[in-house]
Structure formats: C-alpha cells, structure tokens
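Engineer: Here's a structure for you.
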Amino acid sequence: MTHPTSTSPSAPRRVLISGASIAGPTLAYWLDRYGFEVTVLEKAAAVRGGGYAIDIRGTAREVVDRMGLLPRLREAHIDTHRISFLDAAGDTVGAVRPEQVTGGESGQDLEVRRGDLADALYAPLRDRVEFLFGDSIATLDDDGDAVHVVLDSGTHRTFDLVIGADGLHSNTRRLVFGPEEPFHQYLGHVFAGFTLPNELGLSHEAFIWSEPGRSAVVYAYERSEPVHGFLTFVRDTPPFEAFRDPRAQRDLVAARFPEQVWQVPRLVAAMRASEDLFFDIVSQIHLPTWSRGRVALAGDAAHATSFLSGQGSSVALVGAYVLAGELASHTDHTAAFAAYERRMRPFAERNQALATGGGTIVVPTTRAQVDARNALLRDPEAMARELATADAEARRATHSSLTLPEYPTAL
C-alpha cells in the first residue's frame with residue numbers, strides 16, 4: 001500500500017488525539033502550546049455537556065491552574081454540602097461532608113459537572129486545534145515512520161503520532177493492543193446513571209439508600225436542575241450480555257431494586273424511561289505498557305481508576321500534562337513515551353489502589369458492613385473519629401503524590 005509522505009524531521013510533529021473528554025483536550029492544549037500540529041477526533045457530534053460531578057484535587061488542581069482555568073472552574077464549583085445516608089426503610093441515619101468520604105480537602109478540591117470541565121478545556125482550543133466530530137478511527141497502520149489512519153467516514157490521514165484518549169472501552173487500544181478483556185479488571189459492581197426531575201427541591205446534596213450490595217442514590221446540584229440518579233449493585237460476573245441491549249440493561253437493574261420504599265420505585269421508573277441512561281460496570285484498566293510504536297494511550301484508556309477511586313478525572317489531567325511535556329522534551333517519541341510511563345505509572349497505580357482499599361461507607365456489601373456504618377452515622381463524634389484516620393491522610397497524600405514536572409517553556 002502506498003501512503004502519503006510523512007512529515008520531515010524539521011516540521012512540527014502532527015499528532016492525532018482520539019477522544020475529546022478530559023485527557024484528550026488537556027493533551028491537545030499542551031501539545032499546541034509546545035508547537036505541535038494537533039487534530040482531535042471525537043465520535044460524538046460535539047463536546048458533551050452536562051453529566052455527573054467529578055472532582056479535581058491534589059496534583060490535578062495544579063494542572064488546571066497552569067492552564068489558567070482555575071477562575072472558571074471555581075465559578076462552576078458545585079460545593080456539595082452533605083451526603084445523607086438512609087436505612088432500609090428510607091429514614092435518615094446520618095450525614096457527612098463529602099470530603100470526609102473522599103479524603104479530599106475542604107476549600108481546596110474542585111467539584112464540577114463533567115460537561116463544565118469539558119467546556120472549559122475546549123474553549124481555548126476551538127480556534128487553535130482541528131476538531132473532527134462525529135467520526136472515529138476505523139484502521140491504523142503504523143509503518144515505523146508514520147501512522148496512516150482511515151476514519152469511519154472514509155477519510156485517509158497520516159500523522160506522526162496517535163494518542164488514544166478515548167476512555168475505558170478505548171477503540172484505539174483495541175486496534176493496537178487487542179481486545180479489552182486481558183487488560184480489564186472488573187471490581188464487582190454494575191451501575192446505571194440517569195437524570196430525573198428534581199421534584200423534592202434538593203440542592204447541593206446527595207442521599208444514599210443502601211441494602212447489602214445495593215445502593216440507590218439521588219445527587220442534586222442546583223434546585224432548578226434535574227437530579228442525577230444512580231442504581232448500583234454487586235454482581236459476581238460482568239453482565240456482558242446486556243451491553244448491546246438497552247432493554248436487558250433496564251430489566252437487569254430493575255430486578256435488583258424491588259423495594260417500595262423512599263424514592264426507590266421512582267428511581268427505577270425514571271431509569272426505565274430515561275433517554276440518557278448510562279449503563280456500565282465498575283472496572284479498571286491494567287496494561288503492561290501504555291505505548292506501542294507510534295501510538296500511546298492516555299487517561300482511562302491507559303489507566304482507568306474507576307469511580308470508586310474518585311480520581312479518574314484528576315489522574316487523566318495529570319497524565320495528559322506529563323505526556324505532552326515528555327513529547328516536548330524528547331526528539332524521539334520512544335524515549336518520550338518511556339519517560340511518560342516512568343513518571344505516571346506509579347501515580348496511576350497508587351490512585352487505582354484507592355478503589356480497592358475500602359468503600360464500605362458508600363457501597364457496603366454485607367449486612368454487617370451496613371449495620372456498622374449506620375451505627376457510626378448515628379454517633380457523629382464516632383463517625384468523625386472513624387473518618388479522620390490515617391487512611392484519610394493516606395488518600396490525600398495519594399492525590400498529591402506526583403510532583404508536577406516543569407517542562408520547556410510553552411509558546
């Protein structure tokens with residue numbers, strides 16, 4: 001096959017980034033600043049707005065500060081006031097501040113809608129970087145000198161490097177590394193997320209109803225906005241058979257929540273009728289290497305931490321910054337990819353471990369765990385002592401365990 005000639009060594013390196021959520025635009029921002037020619041490919045028709053809340057904390061906060069985004073993100077900060085926990089009958093057992101659960105720092109962490117972060121990342125790029133929406137990679141051919149890409153639209157393009165920043169179920173990773181299964185670590189939970197009307201007039205708070213291995217959640221931002229509902233449950237094996245069948249997904253979730261208490265029936269009904277249902281499993285990605293040839297991975301495609309860690313977006317921000325900096329610091333992409341992985345892998349793995357080191361406060365899996373948590377919640381002083389532990393300090397240390405490197409001065 002004859003391919004277009006690749007760029008000359010003196011030309012700015014052309015980079016294709018697949019994915020325009022968090023890691024992709026962050027990487028595009030820094031590569032553009034370093035003089036690379038960047039194209040961002042996104043299968044959605046536009047940058048996705050709305051969405052559930054994500055946290056930016058620790059080292060990631062410094063990344064958005066260096067990007068000049070702190071003022072905008074402070075304005076978008078949701079500032080959830082409390083998380084209330086309910087017993088089987090739907091009665092409130094007790095409440096805590098969000099940072100008591102996450103190990104974050106009050107007044108320092110940023111909590112924003114995922115879409116607000118995506119918009120903030122996209123805004124400085126819209127007139128500087130090429131975005132191709134509504135398309136994705138069909139084939140990749142890395143011939144050692146360049147990567148020749150065919151898109152689903154039929155377009156043929158050639159790039160010096162391709163970066164897959166296309167999420168947990170990365171298409172780029174599949175094309176280059178093979179099927180997801182060998183790299184996928186299932187953490188035993190299935191969830192369904194959706195929105196529903198804010199009929200209770202809730203604001204800046206969340207309610208969590210729990211029975212062993214099951215949780216029903218209502219999460220409210222502004223009183224004038226819809227609330228986010230989540231139905232989460234433990235399952236020994238991933239429900240792969242339901243992934244391509246929306247009706248099967250709804251049936252599977254509904255069958256696990258038969259209770260006629262609190263808002264559970266309303267949540268189930270809203271889930272069944274939802275037009276924005278997000279159904280997935282709680283899982284991580286563990287790869288032996290994050291690059292192959294002229295293709296590398298970033299964000300969840302490389303090192304998904306899962307929402308149980310609370311760190312997916314933060315680790316994606318940091319990883320994108322480091323990858324761009326290493327590419328700017330090395331003339332050889334192989335050396336840059338190796339340096340990126342040396343810096344980021346320990347940080348990513350420490351944050352992945354947060355998802356498997358507990359979680360019984362939010363997602364108790366046994367009756368004993370539910371009862372122990374509720375007993376603590378009924379005694380606020382005991383709960384405060386339980387949460388103000390060395391584990392909470394360790395979580396905060398993990399959030400900031402990578403010192404952000406200084407890279408060559410950006411353009």
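All residue names refer to the structure tokens as shown: chains lettered A, B, ... in order, residues numbered from 1 in each chain, ligands numbered from 1 in order.
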Can you tell me, as a ChimeraX atom specification, what residues are no more than 9 Å from Val315 of chain A when counting only C-alpha atoms, ignoring any on the same chain fewer than 2 positions away?
Structural biologist: /A:23,59-60,299-300,303-305,311-313,317-320,344,347-348,351,399
Engineer: Produce a table with one row for each residue of segment 123-197 of chain A that has an atom at most 8 Å from any atom of segment 26-35 of chain A, each row naming the nearest atom pair and its distance in Å at one decimal; use only C-alpha atoms; arrange rows by chain and rising residue number; format as JSON lines.
Structural biologist:
```
{"residue": "A:Pro124", "atom": "CA", "partner": "A:Tyr29", "partner_atom": "CA", "distance": 7.7}
{"residue": "A:Leu125", "atom": "CA", "partner": "A:Tyr29", "partner_atom": "CA", "distance": 6.5}
{"residue": "A:Arg128", "atom": "CA", "partner": "A:Asp32", "partner_atom": "CA", "distance": 7.7}
{"residue": "A:Val129", "atom": "CA", "partner": "A:Asp32", "partner_atom": "CA", "distance": 7.3}
```
Engineer: Name the closest residue to Ser283 of chain A among the candidates A:Phe257, A:Tyr122, A:Phe159, A:Phe191; distances are taken between atoms, counting only C-alpha atoms.
Structural biologist: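 Closest residue, counting only C-alpha atoms: A:Phe191.
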Engineer: So that I can check the surroundings of Thr139 of chain A, please list as a list in words every protein, DNA and RNA residue that reaches within 7 Å of it, counting only C-alpha atoms and ignoring chain neighbours fewer than 2 positions away.
Structural biologist: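 With the cut-off at 7 Å, the set is Ile137, Asp141, Val149, Val150 and Leu151 of chain A.
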Engineer: Would you mind exporting C-alpha atoms of the selected residues as a PDB file, in the first residue's frame?
Structural biologist:
```pdb
ATOM      1  CA  ILE A 137     -10.752   5.540  13.768  1.00  0.00           C
ATOM      2  CA  ASP A 141      -1.261   1.351  10.082  1.00  0.00           C
ATOM      3  CA  VAL A 149      -5.301   6.325   9.661  1.00  0.00           C
ATOM      4  CA  VAL A 150      -8.593   5.568   7.951  1.00  0.00           C
ATOM      5  CA  LEU A 151     -11.639   7.040   9.659  1.00  0.00           C
TER       6      LEU A 151
END
```
Engineer: Can you build me a table of segment 212-283 of chain A residues sitting at most 12 Å from segment 112-119 of chain A, with the closest atom pair per residue and its distance in Å to one decimal, using only C-alpha atoms, sorted by chain and residue number, as CSV?
Structural biologist:
```
residue,atom,partner,partner_atom,distance
A:Tyr219,CA,A:Arg113,CA,11.8
A:Ala220,CA,A:Arg113,CA,11.3
A:Tyr221,CA,A:Arg113,CA,9.0
A:Glu222,CA,A:Arg113,CA,11.4
A:His228,CA,A:Arg113,CA,11.2
```
Engineer: Pick from A:Ala296, A:Ala269, A:Val264, A:Ala316: nearest to Ala336 of chain A, with only C-alpha atoms counted?
Structural biologist: A:Ala296
Engineer: Output as a PyMOL selection string all residues of segment 172-383 of chain A that backbone DSSP marks as helix (DSSP H, G or I).
Structural biologist: chain A and resi 172-177+181-183+240-242+246-255+264-273+300-303+312-329+333-353+367-377+380-383
Engineer: Please produce, as CSV, a per-residue contact table for segment 238-271 of chain A versus segment 88-95 of chain A (criterion: any atom at most 12 Å away, only C-alpha atoms considered), showing the nearest atom pair and its distance in Å to one decimal, sorted by chain then residue number.
Structural biologist:
```
residue,atom,partner,partner_atom,distance
A:Phe257,CA,A:Ala88,CA,11.8
A:Glu259,CA,A:Ala88,CA,9.0
A:Gln260,CA,A:Ala89,CA,9.2
A:Val261,CA,A:Gly90,CA,6.1
A:Trp262,CA,A:Gly90,CA,4.8
A:Gln263,CA,A:Gly90,CA,8.1
A:Val264,CA,A:Gly90,CA,9.0
A:Pro265,CA,A:Gly90,CA,11.9
```
Engineer: Between A:Arg14, A:Val362, A:Glu181, A:Asp135, which one has atoms that come closest to Phe233 of chain A, using only C-alpha atoms?
Structural biologist: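 Of A:Arg14, A:Val362, A:Glu181, A:Asp135, the one nearest Phe233 of chain A, counting only C-alpha atoms, is A:Val362.
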Engineer: Report the distance between atom CA of Val218 of chain A and atom CA of His169 of chain A in Å, rounded to one decimal place.
Structural biologist: 26.3 Å
